[in-house]
Amino acid sequence: MATARRKLAVLTGMLCMLLAAGCGDNLTPVGSWSEGADDSAWTTLRVELFDRNDTPPGAPPITDNFMTRYIQEQFGDPNRIKVEFVTVPRSEEVERLDVLLAANQAPDIVFTYDMPLFYKYASQGKLTDLAPYMAEFGRDLERVLGEEVLSEGRLDGKQFAIPARRVLRAHSTSVIREDWLNLLGLPLPETTEQFHETLKAFREELPGKLGYDVIPWGQFGFYHTINVRYSFWDWSRITEEDLYAKPSWIMPGNKEAFRFLNQLYNEGLLRRDFALDQFSQQFRKDMVNGRVGGGTTNTNEPVYMGYLADLHARDPDAVLTPIDPFANPNGRKPKPILEKTGMFIMVPAHSKNAEAAVKYLNWMAQPEHYMTLQNGIPGETYELKDGLPVMLDNEETKRMLYNYFDYCIILNGKFVSAEDMELNVRANAVFDPRYESFTLRSVEYAMRDTIETPRIKAIPESEIKYGSILREKDEEIFVKVVTAPPDEFDAVYDEEVEAYMRTGGLQVMEEKRAAYRKQAG
């Protein structure tokens with residue numbers, strides 16, 4: 001890290017030349033913050049930071065590393081701002097944020113991926129209108145995010161959130177150990193039936209060949225069942241209004257999707273303790289250690305989270321391959337497509353530092369800075385090839401970039417151009433050139449037969465009221481119906497869905513229908 005620190009002083013100039021981009025940010029260097037400095041002359045900007053509990057061995061703490069020092073030295077010091085990162089466990093972020101906001105103790109910059117939660121905070125007067133600050137300090141943010149993305153953070157003409165820009169809109173992709181398929185003489189599964197037969201073969205035949213038991217399908221959360229669910233839904237009976245307003249539990253075909261998942265569970269093909277691995281930490285460990293046959297993850301997650309590289313470091317002969325097996329009777333493989341926005345970045349109403357917050361986000365939107373936050377140091381962690389940053393395969397890269405996305409919060413995905421989205425897709429593909437074909441196939445499969453849910457510029461009061469409760473209910477029903485004894489499945493499913501509708505689900509659906517019809521005219 002000493003080398004990295006020495007390069008900080010010249011990094012901005014180097015990147016400006018590489019990118020041929022202007023570096024002006026109207027920041028005047030006025031000194032450096034240090035312990036014991038006159039705090040009255042400085043502003044402290046507190047920024048939420050996800051703690052994913054996945055720091056690699058030998059890597060520095062997430063609150064004191066190259067990224068945090070770069071932010072302090074390149075943004076904080078010139079503005080007399082001490083940037084302080086406040087860690088929140090990723091698995092508890094919604095609950096923690098609720099508590100912190102209620103107690104007026106939340107950091108100056110907070111965020112959520114949950115739109116109803118954002119609307120709830122805005123309607124309760126808990127957020128700062130950032131429009132005046134954007135007008136004065138947000139020109140780079142406006143350029144990078146664009147009006148369509150920024151508009152999603154406005155309510156009643158007030159900019160209550162700065163939405164992140166989602167670079168790749170692909171939702172989920174399944175992956176499988178192709179070398180295990182080859183060991184058993186099996187093809188890549190192309191249908192749901194073939195997928196089922198493959199998992200049974202993994203369970204029955206692999207222990208004898210590998211010498212240890214395996215988990216046929218290791219990553220299995222409610223969020224990532226959506227490709228299975230969509231393949232079972234009867235789309236001939238689903239309108240656009242239904243897709244927006246109806247809870248998935250009462251969609252035609254959804255019960256049969258969960259009957260299939262219940263069958264997989266009761267046949268021993270899924271992780272037994274899947275409910276305890278909501279954020280995939282155990283799955284990643286088991287994948288690296290060769291214990292699982294596959295799973296459904298965020299698109300390209302094995303590459304950008306680094307565990308595909310870790311798997312190959314442990315087992316060079318391992319082959320992890322994207323697959324797209326969940327087909328409906330018409331042979332199509334329907335999937336959702338993500339919104340153009342990522343997380344909603346907000347400043348609590350009790351914060352006195354909205355100006356500093358917008359300046360910080362605007363600084364992050366300048367090419368030389370988002371290039372560094374996403375890629376590290378040229379020559380040490382990446383190099384430019386044809387204008388695209390390519391990650392270098394070394395220990396410094398692994399220690400520095402494993403969680404870059406938690407610092408560059410205005411962007412979800414590798415980003416090089418506000419105008420050329422194809423260039424951004426290529427940037428994500430070549431980020432780790434060893435896995436370029438994996439990334440391209442992962443994105444291709446996730447974007448096949450996609451269906452976009454309508455966006456309505458309003459959140460019903462009932463969704464604000466019941467949103468958190470219903471999200472918890474989703475997870476509860478998911479576990480109960482998947483683990484139910486087969487002869488009790490129907491009764492459990494019907495009982496739980498009825499309870500869901502009573503617990504606000506029906507009211508939310510009716511109000512969402514009314515909102516859809518109002519917008520449709």
# chains A, B, ... in the order shown; residues from 1 in each chain; ligands from 1
$ closest_atom_pairs --of "range 230-348 of chain A" --to "range 491-501 of chain A" --cutoff "9 Å" --atoms "only C-alpha atoms" --output "CSV"
residue,atom,partner,partner_atom,distance
A:Pro247,CA,A:Met501,CA,8.8
A:Trp249,CA,A:Val497,CA,6.5
A:Ile250,CA,A:Val497,CA,7.7
A:Lys255,CA,A:Tyr493,CA,7.5
A:Phe258,CA,A:Tyr493,CA,8.8
$ write_last_selection --atoms "C-alpha atoms" --output "PDB file, in the first residue's frame"
ATOM      1  CA  PRO A 247     -48.204  -9.822  -5.777  1.00  0.00           C
ATOM      2  CA  TRP A 249     -47.918 -15.159  -4.885  1.00  0.00           C
ATOM      3  CA  ILE A 250     -51.227 -15.007  -6.746  1.00  0.00           C
ATOM      4  CA  LYS A 255     -47.946 -22.022  -7.048  1.00  0.00           C
ATOM      5  CA  PHE A 258     -42.999 -23.320  -5.831  1.00  0.00           C
TER       6      PHE A 258
END
$ residues_around --residues "Phe160 in chain A" --least-positions-apart "6" --cutoff "8 Å" --atoms "only C-alpha atoms" --output "PDB file with N, CA, C and O atoms, in the first residue's frame"
ATOM      1  N   ALA A 122     -39.492   9.951   2.311  1.00  0.00           N
ATOM      2  CA  ALA A 122     -39.808  11.265   1.747  1.00  0.00           C
ATOM      3  C   ALA A 122     -41.158  11.765   2.244  1.00  0.00           C
ATOM      4  O   ALA A 122     -41.307  12.929   2.636  1.00  0.00           O
ATOM      5  N   LEU A 127     -36.342  13.381   4.665  1.00  0.00           N
ATOM      6  CA  LEU A 127     -35.281  13.583   3.691  1.00  0.00           C
ATOM      7  C   LEU A 127     -35.138  15.044   3.296  1.00  0.00           C
ATOM      8  O   LEU A 127     -36.104  15.810   3.319  1.00  0.00           O
ATOM      9  N   THR A 128     -33.935  15.411   2.891  1.00  0.00           N
ATOM     10  CA  THR A 128     -33.624  16.772   2.443  1.00  0.00           C
ATOM     11  C   THR A 128     -33.905  16.908   0.949  1.00  0.00           C
ATOM     12  O   THR A 128     -33.567  16.012   0.162  1.00  0.00           O
ATOM     13  N   ASP A 129     -34.511  18.019   0.556  1.00  0.00           N
ATOM     14  CA  ASP A 129     -34.669  18.332  -0.858  1.00  0.00           C
ATOM     15  C   ASP A 129     -33.310  18.779  -1.389  1.00  0.00           C
ATOM     16  O   ASP A 129     -32.773  19.823  -0.989  1.00  0.00           O
ATOM     17  N   LEU A 130     -32.750  18.003  -2.296  1.00  0.00           N
ATOM     18  CA  LEU A 130     -31.407  18.267  -2.811  1.00  0.00           C
ATOM     19  C   LEU A 130     -31.410  19.111  -4.076  1.00  0.00           C
ATOM     20  O   LEU A 130     -30.332  19.413  -4.606  1.00  0.00           O
ATOM     21  N   ALA A 131     -32.583  19.499  -4.556  1.00  0.00           N
ATOM     22  CA  ALA A 131     -32.665  20.253  -5.814  1.00  0.00           C
ATOM     23  C   ALA A 131     -31.825  21.534  -5.785  1.00  0.00           C
ATOM     24  O   ALA A 131     -31.084  21.805  -6.746  1.00  0.00           O
ATOM     25  N   GLY A 153     -35.800  10.105  -8.587  1.00  0.00           N
ATOM     26  CA  GLY A 153     -35.580  10.521  -7.210  1.00  0.00           C
ATOM     27  C   GLY A 153     -36.370  11.750  -6.819  1.00  0.00           C
ATOM     28  O   GLY A 153     -36.165  12.307  -5.733  1.00  0.00           O
ATOM     29  N   ARG A 154     -37.302  12.184  -7.699  1.00  0.00           N
ATOM     30  CA  ARG A 154     -38.097  13.391  -7.425  1.00  0.00           C
ATOM     31  C   ARG A 154     -39.513  13.048  -7.022  1.00  0.00           C
ATOM     32  O   ARG A 154     -40.138  12.154  -7.577  1.00  0.00           O
ATOM     33  N   MET A 346     -29.658   9.226  -0.376  1.00  0.00           N
ATOM     34  CA  MET A 346     -30.471  10.242   0.295  1.00  0.00           C
ATOM     35  C   MET A 346     -29.663  10.967   1.370  1.00  0.00           C
ATOM     36  O   MET A 346     -28.686  10.437   1.896  1.00  0.00           O
ATOM     37  N   VAL A 347     -30.125  12.176   1.685  1.00  0.00           N
ATOM     38  CA  VAL A 347     -29.569  12.952   2.798  1.00  0.00           C
ATOM     39  C   VAL A 347     -30.690  13.157   3.809  1.00  0.00           C
ATOM     40  O   VAL A 347     -31.718  13.764   3.470  1.00  0.00           O
TER      41      VAL A 347
END
$ select_by_dssp --residues "range 118-299 of chain A" --states "strand (DSSP E)" --output "mmCIF file with N, CA, C and O atoms, in the first residue's frame"
data_model
loop_
_atom_site.group_PDB
_atom_site.id
_atom_site.type_symbol
_atom_site.label_atom_id
_atom_site.label_comp_id
_atom_site.auth_asym_id
_atom_site.auth_seq_id
_atom_site.Cartn_x
_atom_site.Cartn_y
_atom_site.Cartn_z
ATOM 1 N N ARG A 154 -37.302 12.184 -7.699
ATOM 2 C CA ARG A 154 -38.097 13.391 -7.425
ATOM 3 C C ARG A 154 -39.513 13.048 -7.022
ATOM 4 O O ARG A 154 -40.138 12.154 -7.577
ATOM 5 N N LEU A 155 -40.009 13.798 -6.064
ATOM 6 C CA LEU A 155 -41.402 13.729 -5.651
ATOM 7 C C LEU A 155 -41.907 15.142 -5.463
ATOM 8 O O LEU A 155 -41.270 15.946 -4.769
ATOM 9 N N LYS A 158 -39.461 17.913 -5.870
ATOM 10 C CA LYS A 158 -38.321 17.978 -4.962
ATOM 11 C C LYS A 158 -37.419 16.762 -5.157
ATOM 12 O O LYS A 158 -37.910 15.641 -5.292
ATOM 13 N N GLN A 159 -36.111 17.021 -5.174
ATOM 14 C CA GLN A 159 -35.130 15.954 -5.409
ATOM 15 C C GLN A 159 -34.749 15.333 -4.065
ATOM 16 O O GLN A 159 -33.761 15.688 -3.432
ATOM 17 N N ILE A 162 -30.840 10.954 -4.939
ATOM 18 C CA ILE A 162 -30.015 10.881 -6.144
ATOM 19 C C ILE A 162 -29.917 9.398 -6.491
ATOM 20 O O ILE A 162 -29.181 8.648 -5.840
ATOM 21 N N PRO A 163 -30.686 8.926 -7.459
ATOM 22 C CA PRO A 163 -30.602 7.500 -7.801
ATOM 23 C C PRO A 163 -29.278 7.181 -8.487
ATOM 24 O O PRO A 163 -28.769 7.970 -9.296
ATOM 25 N N ALA A 164 -28.719 6.064 -8.140
ATOM 26 C CA ALA A 164 -27.542 5.578 -8.849
ATOM 27 C C ALA A 164 -27.944 5.149 -10.255
ATOM 28 O O ALA A 164 -29.097 4.791 -10.510
ATOM 29 N N ARG A 165 -27.002 5.189 -11.159
ATOM 30 C CA ARG A 165 -27.252 4.733 -12.523
ATOM 31 C C ARG A 165 -26.870 3.262 -12.628
ATOM 32 O O ARG A 165 -25.751 2.866 -12.293
ATOM 33 N N ARG A 166 -27.804 2.461 -13.081
ATOM 34 C CA ARG A 166 -27.539 1.035 -13.267
ATOM 35 C C ARG A 166 -26.965 0.831 -14.664
ATOM 36 O O ARG A 166 -27.621 1.094 -15.670
ATOM 37 N N SER A 172 -30.595 -11.784 -13.166
ATOM 38 C CA SER A 172 -30.008 -12.999 -12.582
ATOM 39 C C SER A 172 -29.576 -13.965 -13.671
ATOM 40 O O SER A 172 -30.198 -14.035 -14.734
ATOM 41 N N THR A 173 -28.525 -14.716 -13.371
ATOM 42 C CA THR A 173 -28.057 -15.766 -14.270
ATOM 43 C C THR A 173 -27.685 -16.984 -13.440
ATOM 44 O O THR A 173 -27.083 -16.850 -12.374
ATOM 45 N N SER A 174 -28.037 -18.165 -13.918
ATOM 46 C CA SER A 174 -27.634 -19.399 -13.243
ATOM 47 C C SER A 174 -26.273 -19.849 -13.762
ATOM 48 O O SER A 174 -25.917 -19.608 -14.927
ATOM 49 N N VAL A 175 -25.505 -20.494 -12.883
ATOM 50 C CA VAL A 175 -24.186 -21.007 -13.252
ATOM 51 C C VAL A 175 -24.075 -22.454 -12.775
ATOM 52 O O VAL A 175 -24.734 -22.857 -11.817
ATOM 53 N N ILE A 176 -23.242 -23.215 -13.455
ATOM 54 C CA ILE A 176 -23.109 -24.637 -13.116
ATOM 55 C C ILE A 176 -21.673 -25.083 -13.352
ATOM 56 O O ILE A 176 -20.957 -24.493 -14.183
ATOM 57 N N ARG A 177 -21.249 -26.106 -12.608
ATOM 58 C CA ARG A 177 -19.911 -26.677 -12.789
ATOM 59 C C ARG A 177 -19.912 -27.573 -14.031
ATOM 60 O O ARG A 177 -20.287 -28.748 -13.986
ATOM 61 N N GLY A 294 -23.766 -25.488 -8.428
ATOM 62 C CA GLY A 294 -24.146 -24.259 -9.099
ATOM 63 C C GLY A 294 -25.136 -23.478 -8.271
ATOM 64 O O GLY A 294 -25.407 -23.780 -7.106
ATOM 65 N N GLY A 295 -25.683 -22.435 -8.885
ATOM 66 C CA GLY A 295 -26.657 -21.584 -8.219
ATOM 67 C C GLY A 295 -27.085 -20.474 -9.146
ATOM 68 O O GLY A 295 -26.559 -20.323 -10.258
ATOM 69 N N THR A 296 -28.064 -19.713 -8.701
ATOM 70 C CA THR A 296 -28.510 -18.545 -9.454
ATOM 71 C C THR A 296 -28.047 -17.303 -8.713
ATOM 72 O O THR A 296 -28.336 -17.138 -7.519
ATOM 73 N N THR A 297 -27.306 -16.440 -9.405
ATOM 74 C CA THR A 297 -26.688 -15.279 -8.774
ATOM 75 C C THR A 297 -27.062 -14.016 -9.534
ATOM 76 O O THR A 297 -27.650 -14.072 -10.622
ATOM 77 N N ASN A 298 -26.699 -12.879 -8.992
ATOM 78 C CA ASN A 298 -26.743 -11.654 -9.775
ATOM 79 C C ASN A 298 -25.887 -11.861 -11.023
ATOM 80 O O ASN A 298 -24.831 -12.516 -10.964
#
$ closest_residue --among "A:Gln194, A:Asn262, A:Thr112, A:Gln219" --to "Phe489 in chain A" --atoms "only C-alpha atoms"
A:Asn262
$ atom_distance --atom1 "CA of Asp64 in chain A" --atom2 "CA of Arg46 in chain A"
14.2 Å
$ decode --residues "range 197-230 of chain A" --atoms "N, CA, C and O atoms" --output "JSON list (two decimals), in the first residue's frame"
[["chain", "number", "residue", "atom", "x", "y", "z"],
["A", 197, "GLU", "N", -32.96, -33.23, -13.77],
["A", 197, "GLU", "CA", -32.24, -34.50, -13.90],
["A", 197, "GLU", "C", -30.75, -34.31, -13.61],
["A", 197, "GLU", "O", -30.10, -35.21, -13.04],
["A", 198, "THR", "N", -30.21, -33.16, -13.98],
["A", 198, "THR", "CA", -28.79, -32.88, -13.72],
["A", 198, "THR", "C", -28.52, -32.82, -12.22],
["A", 198, "THR", "O", -27.53, -33.38, -11.74],
["A", 199, "LEU", "N", -29.39, -32.12, -11.48],
["A", 199, "LEU", "CA", -29.19, -32.03, -10.04],
["A", 199, "LEU", "C", -29.27, -33.41, -9.38],
["A", 199, "LEU", "O", -28.51, -33.71, -8.45],
["A", 200, "LYS", "N", -30.17, -34.24, -9.85],
["A", 200, "LYS", "CA", -30.27, -35.60, -9.29],
["A", 200, "LYS", "C", -28.99, -36.39, -9.58],
["A", 200, "LYS", "O", -28.51, -37.15, -8.72],
["A", 201, "ALA", "N", -28.44, -36.20, -10.76],
["A", 201, "ALA", "CA", -27.19, -36.89, -11.09],
["A", 201, "ALA", "C", -26.05, -36.40, -10.21],
["A", 201, "ALA", "O", -25.20, -37.19, -9.76],
["A", 202, "PHE", "N", -26.00, -35.11, -9.95],
["A", 202, "PHE", "CA", -24.98, -34.56, -9.05],
["A", 202, "PHE", "C", -25.08, -35.22, -7.67],
["A", 202, "PHE", "O", -24.08, -35.61, -7.08],
["A", 203, "ARG", "N", -26.31, -35.32, -7.17],
["A", 203, "ARG", "CA", -26.52, -35.88, -5.82],
["A", 203, "ARG", "C", -26.13, -37.36, -5.76],
["A", 203, "ARG", "O", -25.48, -37.81, -4.81],
["A", 204, "GLU", "N", -26.50, -38.10, -6.79],
["A", 204, "GLU", "CA", -26.36, -39.55, -6.74],
["A", 204, "GLU", "C", -24.98, -40.04, -7.17],
["A", 204, "GLU", "O", -24.47, -41.03, -6.62],
["A", 205, "GLU", "N", -24.35, -39.37, -8.15],
["A", 205, "GLU", "CA", -23.16, -39.92, -8.76],
["A", 205, "GLU", "C", -21.85, -39.23, -8.37],
["A", 205, "GLU", "O", -20.79, -39.86, -8.38],
["A", 206, "LEU", "N", -21.92, -37.95, -8.04],
["A", 206, "LEU", "CA", -20.67, -37.22, -7.78],
["A", 206, "LEU", "C", -19.94, -37.68, -6.52],
["A", 206, "LEU", "O", -18.70, -37.75, -6.53],
["A", 207, "PRO", "N", -20.63, -37.98, -5.40],
["A", 207, "PRO", "CA", -19.88, -38.39, -4.21],
["A", 207, "PRO", "C", -18.94, -39.56, -4.47],
["A", 207, "PRO", "O", -17.80, -39.57, -3.97],
["A", 208, "GLY", "N", -19.37, -40.51, -5.28],
["A", 208, "GLY", "CA", -18.51, -41.65, -5.59],
["A", 208, "GLY", "C", -17.32, -41.28, -6.45],
["A", 208, "GLY", "O", -16.26, -41.93, -6.36],
["A", 209, "LYS", "N", -17.45, -40.26, -7.27],
["A", 209, "LYS", "CA", -16.37, -39.86, -8.16],
["A", 209, "LYS", "C", -15.45, -38.81, -7.53],
["A", 209, "LYS", "O", -14.25, -38.78, -7.81],
["A", 210, "LEU", "N", -16.01, -37.95, -6.69],
["A", 210, "LEU", "CA", -15.21, -36.89, -6.07],
["A", 210, "LEU", "C", -14.66, -37.29, -4.71],
["A", 210, "LEU", "O", -13.67, -36.72, -4.24],
["A", 211, "GLY", "N", -15.36, -38.24, -4.05],
["A", 211, "GLY", "CA", -14.92, -38.66, -2.74],
["A", 211, "GLY", "C", -15.51, -37.86, -1.60],
["A", 211, "GLY", "O", -15.08, -38.00, -0.45],
["A", 212, "TYR", "N", -16.48, -37.03, -1.90],
["A", 212, "TYR", "CA", -17.16, -36.25, -0.84],
["A", 212, "TYR", "C", -18.55, -35.86, -1.33],
["A", 212, "TYR", "O", -18.83, -35.85, -2.54],
["A", 213, "ASP", "N", -19.44, -35.57, -0.38],
["A", 213, "ASP", "CA", -20.79, -35.14, -0.72],
["A", 213, "ASP", "C", -20.79, -33.71, -1.26],
["A", 213, "ASP", "O", -19.93, -32.90, -0.89],
["A", 214, "VAL", "N", -21.75, -33.42, -2.12],
["A", 214, "VAL", "CA", -21.87, -32.07, -2.68],
["A", 214, "VAL", "C", -23.29, -31.57, -2.47],
["A", 214, "VAL", "O", -24.21, -32.34, -2.20],
["A", 215, "ILE", "N", -23.44, -30.26, -2.58],
["A", 215, "ILE", "CA", -24.75, -29.62, -2.60],
["A", 215, "ILE", "C", -25.08, -29.35, -4.06],
["A", 215, "ILE", "O", -24.43, -28.50, -4.68],
["A", 216, "PRO", "N", -26.03, -30.06, -4.65],
["A", 216, "PRO", "CA", -26.27, -29.87, -6.09],
["A", 216, "PRO", "C", -26.53, -28.42, -6.47],
["A", 216, "PRO", "O", -25.97, -27.92, -7.45],
["A", 217, "TRP", "N", -27.42, -27.73, -5.71],
["A", 217, "TRP", "CA", -27.74, -26.34, -6.05],
["A", 217, "TRP", "C", -27.58, -25.50, -4.78],
["A", 217, "TRP", "O", -28.32, -25.65, -3.83],
["A", 218, "GLY", "N", -26.59, -24.61, -4.77],
["A", 218, "GLY", "CA", -26.19, -23.98, -3.53],
["A", 218, "GLY", "C", -26.71, -22.59, -3.26],
["A", 218, "GLY", "O", -26.83, -22.19, -2.11],
["A", 219, "GLN", "N", -27.00, -21.82, -4.31],
["A", 219, "GLN", "CA", -27.48, -20.45, -4.10],
["A", 219, "GLN", "C", -28.96, -20.41, -4.43],
["A", 219, "GLN", "O", -29.38, -20.63, -5.55],
["A", 220, "PHE", "N", -29.75, -20.05, -3.42],
["A", 220, "PHE", "CA", -31.19, -20.23, -3.58],
["A", 220, "PHE", "C", -31.92, -19.28, -2.63],
["A", 220, "PHE", "O", -32.34, -19.67, -1.55],
["A", 221, "GLY", "N", -32.08, -18.02, -3.02],
["A", 221, "GLY", "CA", -32.84, -17.07, -2.22],
["A", 221, "GLY", "C", -34.10, -16.65, -2.96],
["A", 221, "GLY", "O", -34.24, -16.85, -4.17],
["A", 222, "PHE", "N", -35.04, -16.07, -2.24],
["A", 222, "PHE", "CA", -36.30, -15.67, -2.85],
["A", 222, "PHE", "C", -36.08, -14.76, -4.06],
["A", 222, "PHE", "O", -36.71, -14.93, -5.11],
["A", 223, "TYR", "N", -35.18, -13.80, -3.94],
["A", 223, "TYR", "CA", -34.90, -12.86, -5.03],
["A", 223, "TYR", "C", -34.49, -13.61, -6.29],
["A", 223, "TYR", "O", -34.88, -13.26, -7.40],
["A", 224, "HIS", "N", -33.70, -14.67, -6.11],
["A", 224, "HIS", "CA", -33.16, -15.36, -7.27],
["A", 224, "HIS", "C", -34.02, -16.53, -7.74],
["A", 224, "HIS", "O", -33.59, -17.30, -8.60],
["A", 225, "THR", "N", -35.22, -16.68, -7.19],
["A", 225, "THR", "CA", -36.15, -17.66, -7.75],
["A", 225, "THR", "C", -36.96, -17.08, -8.90],
["A", 225, "THR", "O", -37.76, -17.79, -9.52],
["A", 226, "ILE", "N", -36.75, -15.82, -9.22],
["A", 226, "ILE", "CA", -37.67, -15.15, -10.15],
["A", 226, "ILE", "C", -37.60, -15.74, -11.56],
["A", 226, "ILE", "O", -38.62, -15.80, -12.26],
["A", 227, "ASN", "N", -36.44, -16.20, -12.00],
["A", 227, "ASN", "CA", -36.37, -16.81, -13.33],
["A", 227, "ASN", "C", -37.18, -18.11, -13.38],
["A", 227, "ASN", "O", -37.85, -18.41, -14.38],
["A", 228, "VAL", "N", -37.15, -18.89, -12.29],
["A", 228, "VAL", "CA", -37.98, -20.09, -12.21],
["A", 228, "VAL", "C", -39.45, -19.70, -12.21],
["A", 228, "VAL", "O", -40.27, -20.28, -12.94],
["A", 229, "ARG", "N", -39.80, -18.73, -11.38],
["A", 229, "ARG", "CA", -41.21, -18.31, -11.29],
["A", 229, "ARG", "C", -41.74, -17.84, -12.64],
["A", 229, "ARG", "O", -42.82, -18.24, -13.07],
["A", 230, "TYR", "N", -40.97, -16.99, -13.31],
["A", 230, "TYR", "CA", -41.42, -16.48, -14.61],
["A", 230, "TYR", "C", -41.64, -17.60, -15.61],
["A", 230, "TYR", "O", -42.52, -17.50, -16.48]]
